[in-house]
>>> print(open('input-v6.csv').read())   # CSV, C-alpha atoms
chain,number,residue,atom,x,y,z
C,768,MET,CA,0.0,0.0,0.0
C,769,ALA,CA,1.4,3.4,-1.0
C,770,THR,CA,2.1,5.8,1.8
C,771,LYS,CA,1.7,9.6,1.6
C,772,GLN,CA,4.8,11.4,0.7
C,773,PRO,CA,6.1,13.9,3.3
C,774,ASN,CA,5.8,16.9,1.0
C,775,ASP,CA,2.3,16.0,-0.1
C,776,VAL,CA,0.1,18.2,2.1
C,777,LEU,CA,-3.5,17.2,2.8
C,778,THR,CA,-6.3,19.1,1.3
C,779,MET,CA,-8.8,20.8,3.5
C,780,VAL,CA,-11.5,18.2,2.9
C,781,GLU,CA,-9.0,15.4,3.6
C,782,TRP,CA,-8.0,17.0,6.8
C,783,LEU,CA,-11.6,17.6,7.8
C,784,LEU,CA,-12.5,13.9,7.2
C,785,LEU,CA,-9.5,12.7,9.2
C,786,ALA,CA,-10.4,15.1,12.0
C,787,SER,CA,-14.0,13.9,12.0
C,788,ILE,CA,-13.0,10.3,12.4
C,789,LEU,CA,-10.7,11.2,15.3
C,790,LYS,CA,-13.4,13.1,16.9
C,791,ASN,CA,-15.6,10.0,16.9
C,792,ASP,CA,-13.1,7.9,18.9
C,793,ASN,CA,-11.2,7.0,15.7
C,794,ASP,CA,-14.0,4.5,14.6
C,795,ALA,CA,-16.8,5.9,12.5
C,796,TYR,CA,-18.9,5.2,9.4
C,797,GLY,CA,-19.8,7.4,6.5
C,798,ALA,CA,-22.9,9.1,7.8
C,799,VAL,CA,-21.3,10.0,11.1
C,800,ILE,CA,-18.1,11.2,9.4
C,801,TYR,CA,-20.1,13.4,7.0
C,802,GLU,CA,-22.2,14.9,9.8
C,803,THR,CA,-19.2,15.7,12.0
C,804,ALA,CA,-17.2,17.1,9.0
C,805,THR,CA,-20.2,19.3,8.1
C,806,GLU,CA,-20.3,20.5,11.7
C,807,LEU,CA,-16.6,21.3,11.7
C,808,ALA,CA,-16.6,23.0,8.3
C,809,THR,CA,-19.5,25.4,9.2
C,810,PRO,CA,-20.2,27.9,7.7
C,811,THR,CA,-18.9,26.2,4.5
C,812,LYS,CA,-20.2,22.8,3.4
C,813,VAL,CA,-18.6,19.5,2.6
C,814,ALA,CA,-20.1,17.9,-0.6
C,815,TYR,CA,-21.5,14.4,0.1
C,816,GLY,CA,-20.3,13.3,-3.4
C,817,THR,CA,-16.7,13.8,-2.3
C,818,LEU,CA,-17.0,11.8,0.9
C,819,TYR,CA,-16.4,8.2,-0.2
C,820,PRO,CA,-14.0,9.0,-3.1
C,821,THR,CA,-11.9,11.0,-0.5
C,822,LEU,CA,-12.1,8.3,2.2
C,823,GLU,CA,-11.1,5.6,-0.4
C,824,ARG,CA,-8.2,7.8,-1.6
C,825,LEU,CA,-6.9,8.3,1.9
C,826,GLU,CA,-7.2,4.5,2.5
C,827,ARG,CA,-5.1,3.9,-0.7
C,828,LYS,CA,-2.5,6.3,0.6
C,829,GLY,CA,-2.3,4.4,3.9
C,830,LEU,CA,-3.7,7.3,6.0
C,831,LEU,CA,-6.9,5.4,6.8
C,832,LYS,CA,-7.8,1.8,7.4
C,833,SER,CA,-11.3,0.4,7.2
C,834,ARG,CA,-13.2,-2.6,8.6
C,835,THR,CA,-16.6,-4.0,7.6
C,836,SER,CA,-19.1,-4.6,10.4
C,837,GLU,CA,-21.2,-7.7,10.8
C,838,PRO,CA,-24.4,-7.6,8.5
C,839,ILE,CA,-27.1,-5.5,10.2
C,840,LYS,CA,-30.5,-7.0,10.1
C,841,GLU,CA,-32.3,-3.7,10.1
C,842,ARG,CA,-30.3,-2.7,7.1
C,843,GLY,CA,-31.5,-5.7,5.1
C,844,GLY,CA,-28.4,-7.7,5.9
C,845,ARG,CA,-26.1,-5.0,4.7
C,846,SER,CA,-22.9,-4.2,6.6
C,847,ARG,CA,-21.3,-0.9,7.3
C,848,ARG,CA,-17.7,0.2,6.7
C,849,TYR,CA,-16.0,1.8,9.7
C,850,PHE,CA,-12.9,4.0,9.1
C,851,ALA,CA,-10.0,4.6,11.5
C,852,VAL,CA,-7.0,7.0,11.1
C,853,THR,CA,-3.6,5.3,11.0
C,854,ALA,CA,-0.4,6.6,12.6
C,855,ASN,CA,0.6,7.9,9.1
C,856,GLY,CA,-2.7,9.7,8.9
C,857,GLN,CA,-2.1,11.4,12.2
C,858,LYS,CA,1.4,12.4,11.0
C,859,ALA,CA,0.0,13.8,7.8
C,860,MET,CA,-2.5,15.8,9.8
C,861,GLN,CA,0.3,17.3,11.9
C,862,GLN,CA,2.2,18.2,8.8
C,863,ALA,CA,-0.8,19.9,7.3
C,864,GLU,CA,-1.4,21.9,10.5
C,865,ASP,CA,2.3,22.9,10.6
C,866,PHE,CA,2.1,23.9,6.9
C,867,ALA,CA,-0.9,26.1,7.5
C,868,GLN,CA,0.8,27.8,10.4
C,869,ARG,CA,3.9,28.4,8.3
C,870,VAL,CA,1.8,30.0,5.6
C,871,ALA,CA,0.0,32.1,8.2
C,872,ARG,CA,3.3,33.3,9.7
C,873,SER,CA,4.8,34.2,6.2
C,874,ARG,CA,1.6,36.1,5.4
C,875,LYS,CA,1.9,38.1,8.6
C,876,PHE,CA,5.6,38.7,7.8
C,877,ALA,CA,4.8,39.9,4.3
C,878,TRP,CA,2.2,42.3,5.6
C,879,GLY,CA,4.5,43.6,8.3
C,880,LEU,CA,2.2,42.4,11.2
W,224,VAL,CA,-41.1,-5.9,1.8
W,225,GLY,CA,-41.3,-4.9,5.4
W,226,PHE,CA,-40.7,-6.8,8.5
W,227,ILE,CA,-41.7,-6.5,12.1
W,228,ASN,CA,-38.9,-5.7,14.4
W,229,MET,CA,-39.7,-6.0,18.1
W,230,GLU,CA,-37.8,-3.4,20.0
W,231,LYS,CA,-36.9,-4.1,23.6
W,232,SER,CA,-36.0,-0.4,24.0
W,233,GLN,CA,-38.4,2.4,23.2
W,234,THR,CA,-35.6,5.0,22.7
W,235,LEU,CA,-35.6,4.6,19.0
W,236,LEU,CA,-39.4,5.0,18.8
W,237,LYS,CA,-39.4,8.1,20.8
W,238,LYS,CA,-36.5,9.6,18.9
W,239,ASN,CA,-37.9,9.4,15.3
W,240,GLY,CA,-41.2,9.2,13.5
W,241,GLN,CA,-44.8,9.3,14.4
W,242,ASP,CA,-46.4,7.2,17.1
W,243,MET,CA,-49.0,5.2,15.3
W,244,ALA,CA,-51.2,4.8,18.4
W,245,ASP,CA,-51.9,8.5,18.4
W,246,ALA,CA,-53.4,8.5,15.0
W,247,MET,CA,-55.5,5.3,15.4
W,248,SER,CA,-59.2,5.3,16.1
W,249,PRO,CA,-60.4,3.2,19.1
W,250,ALA,CA,-61.6,0.4,16.7
W,251,GLN,CA,-58.2,0.4,14.8
W,252,ARG,CA,-56.4,0.4,18.1
W,253,ALA,CA,-58.4,-2.6,19.4
W,254,GLU,CA,-57.7,-4.5,16.2
W,255,ALA,CA,-54.0,-3.6,16.3
W,256,LYS,CA,-53.9,-4.8,20.0
W,257,LYS,CA,-55.6,-8.1,19.0
W,258,LEU,CA,-53.2,-8.6,16.2
W,259,TRP,CA,-50.2,-7.7,18.3
W,260,ASP,CA,-51.3,-10.1,21.1
W,261,ALA,CA,-51.4,-12.8,18.5
W,262,ILE,CA,-47.9,-11.8,17.3
W,263,SER,CA,-46.5,-11.6,20.8
W,264,SER,CA,-47.9,-15.0,21.8
W,265,GLU,CA,-46.9,-16.9,18.6
W,266,GLY,CA,-43.6,-15.2,18.1
W,267,LEU,CA,-42.6,-13.0,15.2
W,268,THR,CA,-43.3,-15.2,12.2
W,269,GLU,CA,-43.1,-14.0,8.7
W,270,GLU,CA,-46.8,-14.7,8.2
W,271,ASN,CA,-48.2,-12.6,11.0
W,272,ALA,CA,-45.6,-9.9,10.3
W,273,LEU,CA,-47.0,-9.6,6.8
W,274,LEU,CA,-50.6,-9.7,8.2
W,275,TYR,CA,-49.7,-6.9,10.5
W,276,GLN,CA,-48.0,-4.9,7.8
W,277,ARG,CA,-51.0,-5.3,5.6
W,278,PHE,CA,-53.2,-4.0,8.4
W,279,CYS,CA,-50.9,-0.9,8.9
W,280,SER,CA,-50.8,-0.2,5.1
W,281,LYS,CA,-54.6,-0.4,5.0
W,282,THR,CA,-55.0,1.9,8.0
W,283,TYR,CA,-52.5,4.4,6.6
W,284,GLY,CA,-53.4,4.5,3.0
W,285,MET,CA,-51.1,7.4,2.4
W,286,VAL,CA,-48.0,5.2,3.1
W,287,VAL,CA,-46.3,4.6,-0.2
W,288,GLY,CA,-43.7,2.0,-0.9
W,289,PRO,CA,-42.2,-0.6,1.5
W,290,VAL,CA,-42.4,0.1,5.2
W,291,VAL,CA,-40.7,-1.3,8.3
W,292,VAL,CA,-43.1,-1.6,11.1
W,293,THR,CA,-41.6,-1.3,14.5
W,294,ALA,CA,-43.6,-2.2,17.6
W,295,THR,CA,-43.0,-2.2,21.3
W,296,LYS,CA,-44.3,-4.8,23.6
W,297,PRO,CA,-47.0,-3.4,25.8
W,298,THR,CA,-46.0,-2.9,29.5
W,299,PRO,CA,-48.2,-2.2,32.5
W,300,ARG,CA,-47.1,1.4,32.4
W,301,GLU,CA,-47.0,2.2,28.8
W,302,PRO,CA,-49.6,1.3,26.1
W,303,ILE,CA,-48.7,-0.5,22.9
W,304,THR,CA,-46.9,1.8,20.5
W,305,PHE,CA,-46.6,1.3,16.7
W,306,ARG,CA,-44.7,3.4,14.2
W,307,ILE,CA,-44.2,3.2,10.5
W,308,GLN,CA,-40.7,4.0,9.6
W,309,LYS,CA,-40.4,5.2,6.0
W,310,LYS,CA,-37.8,3.6,3.8
W,311,VAL,CA,-35.6,5.0,1.1
W,312,PRO,CA,-37.2,4.8,-2.4
W,313,GLN,CA,-36.1,1.6,-3.9
W,314,ALA,CA,-35.4,3.2,-7.3
W,315,THR,CA,-32.4,4.9,-5.8
W,316,GLU,CA,-30.9,1.5,-5.3
W,317,PHE,CA,-30.9,0.9,-9.0
W,318,VAL,CA,-29.2,4.2,-9.7
W,319,LEU,CA,-26.6,3.3,-7.1
W,320,PHE,CA,-25.7,0.2,-9.1
W,321,MET,CA,-23.4,2.5,-11.1
W,322,LEU,CA,-21.1,2.7,-8.0
W,323,PRO,CA,-18.7,0.1,-6.7
W,324,ARG,CA,-20.4,-2.5,-4.4
W,325,GLU,CA,-18.8,-1.3,-1.1
W,326,ARG,CA,-19.6,2.4,-1.8
W,327,ARG,CA,-23.1,1.5,-3.0
W,328,GLU,CA,-23.8,-0.2,0.3
W,329,ASP,CA,-22.3,2.6,2.3
W,330,VAL,CA,-24.4,5.2,0.5
W,331,PHE,CA,-27.6,3.2,0.9
W,332,SER,CA,-26.9,2.7,4.6
W,333,ASP,CA,-26.3,6.5,5.0
W,334,LEU,CA,-29.6,7.2,3.2
W,335,ASN,CA,-31.4,4.7,5.4
W,336,ASP,CA,-30.1,6.5,8.4
W,337,TRP,CA,-31.1,10.0,7.2
W,338,TYR,CA,-34.4,9.3,5.4
W,339,PRO,CA,-36.7,8.9,8.4
W,340,SER,CA,-35.5,12.1,10.0
W,341,TRP,CA,-35.8,14.0,6.7
W,342,CYS,CA,-39.4,12.7,6.4
W,343,GLU,CA,-40.1,14.0,9.9
W,344,LYS,CA,-38.3,17.3,9.4
W,345,PHE,CA,-39.2,18.2,5.8
W,346,GLY,CA,-42.0,15.9,4.7
W,347,THR,CA,-41.9,13.0,2.3
W,348,ARG,CA,-41.7,15.0,-0.9
W,349,ARG,CA,-38.6,17.0,0.2
W,350,ALA,CA,-37.1,13.9,1.8
W,351,LYS,CA,-37.3,12.1,-1.6
W,352,PHE,CA,-35.7,15.1,-3.3
W,353,LEU,CA,-32.9,15.1,-0.7
W,354,CYS,CA,-32.5,11.4,-1.2
W,355,TRP,CA,-32.2,11.8,-5.0
W,356,TRP,CA,-29.9,14.8,-4.5
W,357,HIS,CA,-27.5,12.8,-2.4
W,358,VAL,CA,-27.6,9.9,-4.9
W,359,GLY,CA,-26.8,12.4,-7.7
W,360,CYS,CA,-23.9,13.8,-5.7
W,361,CYS,CA,-22.5,10.3,-5.3
W,362,VAL,CA,-22.8,9.4,-8.9
W,363,GLY,CA,-21.3,12.8,-9.9
W,364,GLY,CA,-18.5,12.3,-7.3
W,365,ALA,CA,-17.7,8.9,-8.6
W,366,PHE,CA,-17.5,10.3,-12.1
W,367,VAL,CA,-15.1,13.1,-11.0
W,368,ASP,CA,-13.1,10.5,-9.1
W,369,VAL,CA,-12.7,8.4,-12.2
W,370,VAL,CA,-11.7,11.4,-14.3
W,371,GLY,CA,-9.2,12.4,-11.6
W,372,ARG,CA,-7.6,8.9,-11.6
W,373,VAL,CA,-7.4,8.9,-15.4
W,374,GLY,CA,-5.6,12.3,-15.1
W,375,GLU,CA,-3.2,10.8,-12.6
W,376,ILE,CA,-2.3,8.0,-14.9
W,377,ILE,CA,-1.8,10.3,-17.9
W,378,ASP,CA,0.3,12.5,-15.6
W,379,ARG,CA,2.5,9.5,-14.7
W,380,VAL,CA,2.9,8.4,-18.3
W,381,VAL,CA,3.9,11.9,-19.4
W,382,ALA,CA,6.3,12.2,-16.5
W,383,ALA,CA,7.9,8.8,-17.4
W,384,LYS,CA,8.5,9.9,-21.0
>>> encode(input="input-v6.csv", output="structure tokens")
Amino acid sequence: MATKQPNDVLTMVEWLLLASILKNDNDAYGAVIYETATELATPTKVAYGTLYPTLERLERKGLLKSRTSEPIKERGGRSRRYFAVTANGQKAMQQAEDFAQRVARSRKFAWGL
Amino acid sequence: VGFINMEKSQTLLKKNGQDMADAMSPAQRAEAKKLWDAISSEGLTEENALLYQRFCSKTYGMVVGPVVVTATKPTPREPITFRIQKKVPQATEFVLFMLPRERREDVFSDLNDWYPSWCEKFGTRRAKFLCWWHVGCCVGGAFVDVVGRVGEIIDRVVAAK
């Protein structure tokens, strides 16, 4: 499985989704992740269409891992996919936060603040 | 293609949806009670579940599409409570066939979570619209994802040259 390159900074949506999973005890499924991400992103919105492609992309990059739950009777025997952030994912989040802080500092410097 | 799910806890019933008992006439209530007694004593078989569902559909003629009937066992303190939980329009499932299997199941599960509360908040018509809107977003998102991946491959091929 490919891992995220150190210089490859997370996008805002990626960071939001990772943060949402961590906020839900690092074990959450799509609907919960989306609701938490929307809450965190307020007043902007997260598009539902980007949720699963982004989660799957993060999983391909080794920043997330998923597990499938037991089939749920009330869901017609369907199971749910739960996501958890890996150690690499947490590192990538830290890098993204550091990067944002560096950008903010350089902007203040450029404006003489 | 509903089924009866006997809930031991009433939390779910109080959280979402309409209490069926409130909307029933005394005669309907009596019939529901009689049926429910039969169901409780015989166990939840497919036959009496369908019988009960038919009764509910007849009583609530406005219910369209498949329903899940959730019922609580009557206790000395609380009367019998029934509720019809609306289900996601089945046609959405056919549209979601365009998505990979895992994602399709995830999206359908999310919609099942949200649909009853949408019905309660916004009414059935808007709930259906929201349902289709989310399905559209997913199909659109999948298309953009595929385009993005093709772009990545082209980028790698160009870089290799």
>>> closest_atom_pairs(input="input-v6.csv", of="chain C", to="chain W", cutoff="12 Å", atoms="all atoms listed in the file", output="tab-separated table")
residue	atom	partner	partner_atom	distance
C:Tyr796	CA	W:Asp329	CA	8.3
C:Gly797	CA	W:Asp333	CA	6.7
C:Ala798	CA	W:Asp333	CA	5.1
C:Val799	CA	W:Asp333	CA	8.6
C:Ile800	CA	W:Asp333	CA	10.4
C:Tyr801	CA	W:Asp333	CA	9.5
C:Glu802	CA	W:Trp337	CA	10.5
C:Val813	CA	W:Cys360	CA	11.4
C:Ala814	CA	W:Cys360	CA	7.6
C:Tyr815	CA	W:Cys360	CA	6.3
C:Gly816	CA	W:Cys361	CA	4.2
C:Thr817	CA	W:Gly364	CA	5.5
C:Leu818	CA	W:Gly364	CA	8.4
C:Tyr819	CA	W:Arg326	CA	6.8
C:Pro820	CA	W:Asp368	CA	6.2
C:Thr821	CA	W:Asp368	CA	8.7
C:Leu822	CA	W:Arg326	CA	10.3
C:Glu823	CA	W:Arg326	CA	9.2
C:Arg824	CA	W:Asp368	CA	9.4
C:Ser833	CA	W:Glu325	CA	11.3
C:Arg834	CA	W:Glu325	CA	11.3
C:Thr835	CA	W:Glu325	CA	9.4
C:Ser836	CA	W:Asp329	CA	11.3
C:Pro838	CA	W:Glu328	CA	11.1
C:Ile839	CA	W:Ser332	CA	9.9
C:Lys840	CA	W:Asn228	CA	9.5
C:Glu841	CA	W:Asn228	CA	8.1
C:Arg842	CA	W:Ser332	CA	6.9
C:Gly843	CA	W:Ser332	CA	9.6
C:Gly844	CA	W:Glu328	CA	10.4
C:Arg845	CA	W:Glu328	CA	6.9
C:Ser846	CA	W:Glu328	CA	7.5
C:Arg847	CA	W:Asp329	CA	6.2
C:Arg848	CA	W:Asp329	CA	6.8
C:Tyr849	CA	W:Asp329	CA	9.8
C:Phe850	CA	W:Asp329	CA	11.7
>>> write_last_selection(input="input-v6.csv", atoms="C-alpha atoms", output="PDB file, keeping the file's coordinate frame")
ATOM      1  CA  TYR C 796     -18.900   5.200   9.400  1.00  0.00           C
ATOM      2  CA  GLY C 797     -19.800   7.400   6.500  1.00  0.00           C
ATOM      3  CA  ALA C 798     -22.900   9.100   7.800  1.00  0.00           C
ATOM      4  CA  VAL C 799     -21.300  10.000  11.100  1.00  0.00           C
ATOM      5  CA  ILE C 800     -18.100  11.200   9.400  1.00  0.00           C
ATOM      6  CA  TYR C 801     -20.100  13.400   7.000  1.00  0.00           C
ATOM      7  CA  GLU C 802     -22.200  14.900   9.800  1.00  0.00           C
ATOM      8  CA  VAL C 813     -18.600  19.500   2.600  1.00  0.00           C
ATOM      9  CA  ALA C 814     -20.100  17.900  -0.600  1.00  0.00           C
ATOM     10  CA  TYR C 815     -21.500  14.400   0.100  1.00  0.00           C
ATOM     11  CA  GLY C 816     -20.300  13.300  -3.400  1.00  0.00           C
ATOM     12  CA  THR C 817     -16.700  13.800  -2.300  1.00  0.00           C
ATOM     13  CA  LEU C 818     -17.000  11.800   0.900  1.00  0.00           C
ATOM     14  CA  TYR C 819     -16.400   8.200  -0.200  1.00  0.00           C
ATOM     15  CA  PRO C 820     -14.000   9.000  -3.100  1.00  0.00           C
ATOM     16  CA  THR C 821     -11.900  11.000  -0.500  1.00  0.00           C
ATOM     17  CA  LEU C 822     -12.100   8.300   2.200  1.00  0.00           C
ATOM     18  CA  GLU C 823     -11.100   5.600  -0.400  1.00  0.00           C
ATOM     19  CA  ARG C 824      -8.200   7.800  -1.600  1.00  0.00           C
ATOM     20  CA  SER C 833     -11.300   0.400   7.200  1.00  0.00           C
ATOM     21  CA  ARG C 834     -13.200  -2.600   8.600  1.00  0.00           C
ATOM     22  CA  THR C 835     -16.600  -4.000   7.600  1.00  0.00           C
ATOM     23  CA  SER C 836     -19.100  -4.600  10.400  1.00  0.00           C
ATOM     24  CA  PRO C 838     -24.400  -7.600   8.500  1.00  0.00           C
ATOM     25  CA  ILE C 839     -27.100  -5.500  10.200  1.00  0.00           C
ATOM     26  CA  LYS C 840     -30.500  -7.000  10.100  1.00  0.00           C
ATOM     27  CA  GLU C 841     -32.300  -3.700  10.100  1.00  0.00           C
ATOM     28  CA  ARG C 842     -30.300  -2.700   7.100  1.00  0.00           C
ATOM     29  CA  GLY C 843     -31.500  -5.700   5.100  1.00  0.00           C
ATOM     30  CA  GLY C 844     -28.400  -7.700   5.900  1.00  0.00           C
ATOM     31  CA  ARG C 845     -26.100  -5.000   4.700  1.00  0.00           C
ATOM     32  CA  SER C 846     -22.900  -4.200   6.600  1.00  0.00           C
ATOM     33  CA  ARG C 847     -21.300  -0.900   7.300  1.00  0.00           C
ATOM     34  CA  ARG C 848     -17.700   0.200   6.700  1.00  0.00           C
ATOM     35  CA  TYR C 849     -16.000   1.800   9.700  1.00  0.00           C
ATOM     36  CA  PHE C 850     -12.900   4.000   9.100  1.00  0.00           C
TER      37      PHE C 850
END
>>> atom_distance(input="input-v6.csv", atom1="CA of Arg372 (chain W)", atom2="CA of Thr778 (chain C)")
16.5 Å
>>> atom_distance(input="input-v6.csv", atom1="CA of Lys832 (chain C)", atom2="CA of Ala851 (chain C)")
5.4 Å
>>> atom_distance(input="input-v6.csv", atom1="CA of Ala808 (chain C)", atom2="CA of Leu789 (chain C)")
14.9 Å
>>> residues_near_point(input="input-v6.csv", point="(-0.5, 5.8, 11.0)", cutoff="12 Å", atoms="all atoms listed in the file", output="count of residues only")
22
>>> closest_residue(input="input-v6.csv", among="C:Gln862, C:Asp792, C:Met779, C:Ala871", to="Ala804 (chain C)", atoms="all atoms listed in the file")
C:Met779
>>> residues_around(input="input-v6.csv", residues="region 863-866 of chain C", least_positions_apart="4", cutoff="7 Å", atoms="all atoms listed in the file", output="PDB file with C-alpha atoms, in the coordinates of the input")
ATOM      1  CA  VAL C 776       0.100  18.200   2.100  1.00  0.00           C
ATOM      2  CA  LEU C 777      -3.500  17.200   2.800  1.00  0.00           C
ATOM      3  CA  ALA C 859       0.000  13.800   7.800  1.00  0.00           C
ATOM      4  CA  VAL C 870       1.800  30.000   5.600  1.00  0.00           C
TER       5      VAL C 870
END
